[in-house]
Each structure stands twice: as C-alpha cells, then as structure tokens.
Amino acid sequence: MTMVWTLGRGAIFTGALLFASTSAQAHVKWFAPYIVGAPPQSLSIVLKDTWFWIGIALVVVFFVLTRLVEISPLGNRVHDALDRSTDVLWKRLDDYVRVTVGAFFVAIFSVGGVYLTPDLRTPAEWVSWLQLAIAACIFFRKTMPLAGIGILALWLLAIRDYDLFHLFDYLALGAGVAAYLILEPSKNENLRSHRFEALRWGLAIALMWSSLEKFAYPDWFYPLIMESRS
C-alpha cells in the first residue's frame, strides 16, 4: 500500500516537474493570462462561490468511491498487480527521484533567468548558475543536503520580488524536495526513513494549494470553463 502511494505520487511529481520545465507558466497559469502581482480574492467571496462548494462535493464523492474500490477484493488485486509491475522501480526509487529532480534543475538552468519555476522571472544571471550547481549536488550523496539548502534559499530570495501568496505555490513542494535531499544521505536511519513521507506531504499540500488558487483568482480560471463548454 505504501509503495503504491509513493510510486503514484512519484509519477505525478515527475510529470509536474517535466511540464514545468517546458512551460512558461504554472498551475492555471499554464492555460490563461495572469498577473503574478494581482491580489487574491477575499475569503468571504470565495466561500460564496457555488463552484467552490461543487468542487469540494465532487472531491469528497470521488474520494469515497476510490476508497471503497481500494478496500474491496478488486482493490487488493490491483495493489498486488501494481506491486509486481513496479518492483524494479521501487528498488531504485531514490535514484529515480534524484535523477528527476536533477533533470528539472538542469531544465530550469537552460530556461535561464527564473527562480525555481518559469513564471518567477529574475534578471540575476547568477540564479541560473546556482540552480545548475544544485543539479550537480544532487548526483553526489554527500552534497545532496547542500542542494536542499539551496532550494530553500532560492525560495526565500524569490520573496523579495514576488507576493508571498504566489510563493506558497512552491513552498510545500520545494520544502518537500529539500527535506528529501537533506534526509536521504543521513546516516541516522530513523531520520532517513521519513524522506518519502516529506516528499508526499509536500506534493499533497502543493496540489491542494494549487487548487485553491483557481478560486482565489477566478478571472484566470472561469474563462477556461466557458471555453470548454463552447
């Protein structure tokens, strides 16, 4: 069960990283015009939004249905099949994550002039070189903690130029990746055992925050609904 969750989220994490490395935008910004410095909509207005509550209802329904399938005999068979088919990857999961994160930072370096993600622009060229150094550190276990610290440092630097609300998009996932990089080479096995847990929590919170962004900035999101209906 743990392996299925890890690999499933790992696959999503990989897709998210690769998509981010080739796109000039992020989250809903992939598909709609946006202004990074725009203030979010107030909480009171969000709570009055019918689509907000419809979204929550749909999430709850699909979560319950998925859980019912998961605990059924069919779910057990699916878990066993996934365990067998992903056994090779599971044995090399640390290598898989390190290569994925390293490739992402190489891609960000090639884009140039951004903090951690293509929609956070910066004129400082040294930031790109720092991200290349982070990628290099990931491929050596002794220097992996330096890469984690570097990711957190870049997030803090980006706060100078961008609103904190937008930086929350990348705090959870960035912190999760940084925690993984710091914990993975640890000689304390008790600490090291939490490395994937930190990664899963970071990804889960990042996805939830990204969903919240759709309602904090409905002007970015609703045109996509209307376009899909036309």
# chains A, B, ... in the order shown; residues from 1 in each chain; ligands from 1
>>> residues_around(residues="Gly150 of chain A", least_positions_apart="6", cutoff="10 Å", atoms="only C-alpha atoms", output="PyMOL selection string")
chain A and resi 130-131+133-134+137+144+156+178
>>> select_by_dssp(residues="segment 36-194 of chain A", states="alpha helix (DSSP H)", output="number ranges by chain")
A: 43-47, 50-70, 73-85, 87-91, 93-111, 125-138, 144-158, 164-183, 189-192
>>> closest_residue(among="A:Leu120, A:Ile108, A:Arg141, A:His166", to="Ser186 of chain A", atoms="only C-alpha atoms")
A:Arg141
>>> closest_residue(among="A:Val101, A:Ile54, A:Val114, A:Val106", to="Leu173 of chain A", atoms="only C-alpha atoms")
A:Val101
>>> atom_distance(atom1="atom CA of Leu154 of chain A", atom2="atom CA of Pro39 of chain A")
22.6 Å
>>> atom_distance(atom1="atom CA of Leu199 of chain A", atom2="atom CA of Gly174 of chain A")
9.1 Å
>>> residues_around(residues="Ile182 of chain A", least_positions_apart="2", cutoff="10 Å", atoms="only C-alpha atoms", output="PDB file with N, CA and C atoms, in the first residue's frame")
ATOM      1  N   ARG A 141      25.800  11.990  -3.028  1.00  0.00           N
ATOM      2  CA  ARG A 141      25.052  11.890  -1.776  1.00  0.00           C
ATOM      3  C   ARG A 141      25.588  12.842  -0.706  1.00  0.00           C
ATOM      4  N   LYS A 142      26.875  13.064  -0.681  1.00  0.00           N
ATOM      5  CA  LYS A 142      27.452  13.936   0.340  1.00  0.00           C
ATOM      6  C   LYS A 142      27.039  15.397   0.162  1.00  0.00           C
ATOM      7  N   THR A 143      26.738  15.775  -1.074  1.00  0.00           N
ATOM      8  CA  THR A 143      26.379  17.173  -1.344  1.00  0.00           C
ATOM      9  C   THR A 143      24.873  17.387  -1.509  1.00  0.00           C
ATOM     10  N   MET A 144      24.087  16.318  -1.391  1.00  0.00           N
ATOM     11  CA  MET A 144      22.636  16.456  -1.521  1.00  0.00           C
ATOM     12  C   MET A 144      22.036  17.444  -0.512  1.00  0.00           C
ATOM     13  N   PRO A 145      22.497  17.462   0.764  1.00  0.00           N
ATOM     14  CA  PRO A 145      21.946  18.465   1.688  1.00  0.00           C
ATOM     15  C   PRO A 145      22.199  19.894   1.235  1.00  0.00           C
ATOM     16  N   LEU A 146      23.321  20.143   0.564  1.00  0.00           N
ATOM     17  CA  LEU A 146      23.591  21.478   0.034  1.00  0.00           C
ATOM     18  C   LEU A 146      22.554  21.855  -1.016  1.00  0.00           C
ATOM     19  N   ALA A 147      22.159  20.872  -1.828  1.00  0.00           N
ATOM     20  CA  ALA A 147      21.124  21.128  -2.839  1.00  0.00           C
ATOM     21  C   ALA A 147      19.805  21.486  -2.172  1.00  0.00           C
ATOM     22  N   GLY A 148      19.468  20.772  -1.091  1.00  0.00           N
ATOM     23  CA  GLY A 148      18.234  21.075  -0.366  1.00  0.00           C
ATOM     24  C   GLY A 148      18.249  22.465   0.227  1.00  0.00           C
ATOM     25  N   ILE A 149      19.369  22.838   0.819  1.00  0.00           N
ATOM     26  CA  ILE A 149      19.502  24.182   1.396  1.00  0.00           C
ATOM     27  C   ILE A 149      19.426  25.236   0.298  1.00  0.00           C
ATOM     28  N   GLY A 176       9.324  20.069   0.469  1.00  0.00           N
ATOM     29  CA  GLY A 176       9.305  18.608   0.454  1.00  0.00           C
ATOM     30  C   GLY A 176      10.503  18.036  -0.261  1.00  0.00           C
ATOM     31  N   VAL A 177      10.850  18.606  -1.412  1.00  0.00           N
ATOM     32  CA  VAL A 177      12.029  18.157  -2.155  1.00  0.00           C
ATOM     33  C   VAL A 177      13.297  18.438  -1.364  1.00  0.00           C
ATOM     34  N   ALA A 178      13.369  19.629  -0.769  1.00  0.00           N
ATOM     35  CA  ALA A 178      14.547  19.990   0.023  1.00  0.00           C
ATOM     36  C   ALA A 178      14.716  19.041   1.203  1.00  0.00           C
ATOM     37  N   ALA A 179      13.600  18.731   1.879  1.00  0.00           N
ATOM     38  CA  ALA A 179      13.663  17.806   3.018  1.00  0.00           C
ATOM     39  C   ALA A 179      14.145  16.434   2.567  1.00  0.00           C
ATOM     40  N   TYR A 180      13.657  15.989   1.414  1.00  0.00           N
ATOM     41  CA  TYR A 180      14.112  14.696   0.883  1.00  0.00           C
ATOM     42  C   TYR A 180      15.623  14.705   0.644  1.00  0.00           C
ATOM     43  N   GLU A 184      17.865  12.081   2.751  1.00  0.00           N
ATOM     44  CA  GLU A 184      18.252  10.860   2.044  1.00  0.00           C
ATOM     45  C   GLU A 184      19.672  10.376   2.375  1.00  0.00           C
ATOM     46  N   PRO A 185      20.673  11.254   2.419  1.00  0.00           N
ATOM     47  CA  PRO A 185      22.031  10.765   2.718  1.00  0.00           C
ATOM     48  C   PRO A 185      22.326  10.626   4.215  1.00  0.00           C
ATOM     49  N   SER A 186      21.339  10.884   5.065  1.00  0.00           N
ATOM     50  CA  SER A 186      21.566  10.848   6.511  1.00  0.00           C
ATOM     51  C   SER A 186      21.978   9.448   6.980  1.00  0.00           C
ATOM     52  N   LEU A 191      15.799   9.079  10.851  1.00  0.00           N
ATOM     53  CA  LEU A 191      15.511  10.306  10.091  1.00  0.00           C
ATOM     54  C   LEU A 191      15.343  10.000   8.609  1.00  0.00           C
ATOM     55  N   ARG A 192      16.217   9.185   8.076  1.00  0.00           N
ATOM     56  CA  ARG A 192      16.197   8.874   6.648  1.00  0.00           C
ATOM     57  C   ARG A 192      14.888   8.206   6.240  1.00  0.00           C
ATOM     58  N   ARG A 195      12.083  10.356   4.528  1.00  0.00           N
ATOM     59  CA  ARG A 195      12.371  11.167   3.338  1.00  0.00           C
ATOM     60  C   ARG A 195      11.211  11.161   2.340  1.00  0.00           C
TER      61      ARG A 195
END
>>> decode(residues="segment 133-144 of chain A", atoms="all heavy atoms", output="JSON list (two decimals), in the first residue's frame")
[["chain", "number", "residue", "atom", "x", "y", "z"],
["A", 133, "ALA", "N", 24.26, 24.38, -10.15],
["A", 133, "ALA", "CA", 25.06, 23.83, -9.05],
["A", 133, "ALA", "C", 24.20, 22.91, -8.18],
["A", 133, "ALA", "O", 24.67, 21.86, -7.71],
["A", 133, "ALA", "CB", 25.65, 24.95, -8.21],
["A", 134, "ILE", "N", 22.94, 23.28, -7.97],
["A", 134, "ILE", "CA", 22.02, 22.43, -7.21],
["A", 134, "ILE", "C", 21.86, 21.09, -7.91],
["A", 134, "ILE", "O", 21.89, 20.02, -7.28],
["A", 134, "ILE", "CB", 20.66, 23.13, -7.03],
["A", 134, "ILE", "CG1", 20.79, 24.28, -6.03],
["A", 134, "ILE", "CG2", 19.60, 22.14, -6.56],
["A", 134, "ILE", "CD1", 19.54, 25.13, -5.91],
["A", 135, "ALA", "N", 21.69, 21.13, -9.23],
["A", 135, "ALA", "CA", 21.55, 19.89, -10.01],
["A", 135, "ALA", "C", 22.79, 19.01, -9.84],
["A", 135, "ALA", "O", 22.69, 17.79, -9.67],
["A", 135, "ALA", "CB", 21.33, 20.22, -11.48],
["A", 136, "ALA", "N", 23.97, 19.62, -9.88],
["A", 136, "ALA", "CA", 25.21, 18.86, -9.74],
["A", 136, "ALA", "C", 25.32, 18.24, -8.34],
["A", 136, "ALA", "O", 25.76, 17.09, -8.19],
["A", 136, "ALA", "CB", 26.42, 19.77, -10.00],
["A", 137, "CYS", "N", 24.89, 18.98, -7.32],
["A", 137, "CYS", "CA", 24.97, 18.47, -5.95],
["A", 137, "CYS", "C", 24.06, 17.27, -5.73],
["A", 137, "CYS", "O", 24.35, 16.40, -4.89],
["A", 137, "CYS", "CB", 24.60, 19.58, -4.96],
["A", 137, "CYS", "SG", 25.85, 20.88, -4.79],
["A", 138, "ILE", "N", 22.98, 17.20, -6.47],
["A", 138, "ILE", "CA", 22.02, 16.11, -6.28],
["A", 138, "ILE", "C", 22.62, 14.76, -6.64],
["A", 138, "ILE", "O", 22.25, 13.72, -6.07],
["A", 138, "ILE", "CB", 20.75, 16.39, -7.10],
["A", 138, "ILE", "CG1", 19.97, 17.57, -6.48],
["A", 138, "ILE", "CG2", 19.85, 15.16, -7.18],
["A", 138, "ILE", "CD1", 18.82, 18.07, -7.33],
["A", 139, "PHE", "N", 23.57, 14.74, -7.54],
["A", 139, "PHE", "CA", 24.12, 13.47, -8.02],
["A", 139, "PHE", "C", 25.24, 12.93, -7.13],
["A", 139, "PHE", "O", 25.81, 11.89, -7.43],
["A", 139, "PHE", "CB", 24.59, 13.63, -9.46],
["A", 139, "PHE", "CG", 23.45, 13.75, -10.43],
["A", 139, "PHE", "CD1", 22.96, 15.00, -10.80],
["A", 139, "PHE", "CD2", 22.81, 12.64, -10.93],
["A", 139, "PHE", "CE1", 21.90, 15.13, -11.66],
["A", 139, "PHE", "CE2", 21.74, 12.75, -11.79],
["A", 139, "PHE", "CZ", 21.29, 14.00, -12.17],
["A", 140, "PHE", "N", 25.52, 13.59, -6.04],
["A", 140, "PHE", "CA", 26.51, 13.11, -5.06],
["A", 140, "PHE", "C", 25.85, 13.13, -3.68],
["A", 140, "PHE", "O", 25.41, 14.19, -3.22],
["A", 140, "PHE", "CB", 27.76, 13.99, -5.07],
["A", 140, "PHE", "CG", 28.45, 14.04, -6.42],
["A", 140, "PHE", "CD1", 28.13, 15.07, -7.32],
["A", 140, "PHE", "CD2", 29.36, 13.08, -6.80],
["A", 140, "PHE", "CE1", 28.75, 15.12, -8.55],
["A", 140, "PHE", "CE2", 29.97, 13.13, -8.03],
["A", 140, "PHE", "CZ", 29.67, 14.16, -8.92],
["A", 141, "ARG", "N", 25.80, 11.99, -3.03],
["A", 141, "ARG", "CA", 25.05, 11.89, -1.78],
["A", 141, "ARG", "C", 25.59, 12.84, -0.71],
["A", 141, "ARG", "O", 24.82, 13.38, 0.09],
["A", 141, "ARG", "CB", 25.07, 10.45, -1.26],
["A", 141, "ARG", "CG", 24.35, 9.48, -2.18],
["A", 141, "ARG", "CD", 24.16, 8.10, -1.59],
["A", 141, "ARG", "NE", 23.06, 8.09, -0.61],
["A", 141, "ARG", "CZ", 23.22, 7.87, 0.67],
["A", 141, "ARG", "NH1", 24.44, 7.67, 1.18],
["A", 141, "ARG", "NH2", 22.18, 7.85, 1.50],
["A", 142, "LYS", "N", 26.88, 13.06, -0.68],
["A", 142, "LYS", "CA", 27.45, 13.94, 0.34],
["A", 142, "LYS", "C", 27.04, 15.40, 0.16],
["A", 142, "LYS", "O", 27.03, 16.17, 1.12],
["A", 142, "LYS", "CB", 28.98, 13.82, 0.33],
["A", 142, "LYS", "CG", 29.50, 12.48, 0.85],
["A", 142, "LYS", "CD", 31.02, 12.48, 0.91],
["A", 142, "LYS", "CE", 31.55, 11.17, 1.48],
["A", 142, "LYS", "NZ", 33.04, 11.15, 1.56],
["A", 143, "THR", "N", 26.74, 15.77, -1.07],
["A", 143, "THR", "CA", 26.38, 17.17, -1.34],
["A", 143, "THR", "C", 24.87, 17.39, -1.51],
["A", 143, "THR", "O", 24.43, 18.51, -1.74],
["A", 143, "THR", "CB", 27.10, 17.68, -2.61],
["A", 143, "THR", "OG1", 26.79, 16.82, -3.72],
["A", 143, "THR", "CG2", 28.60, 17.70, -2.39],
["A", 144, "MET", "N", 24.09, 16.32, -1.39],
["A", 144, "MET", "CA", 22.64, 16.46, -1.52],
["A", 144, "MET", "C", 22.04, 17.44, -0.51],
["A", 144, "MET", "O", 21.16, 18.23, -0.87],
["A", 144, "MET", "CB", 21.96, 15.09, -1.40],
["A", 144, "MET", "CG", 22.10, 14.22, -2.65],
["A", 144, "MET", "SD", 21.43, 12.55, -2.42],
["A", 144, "MET", "CE", 19.69, 12.90, -2.17]]
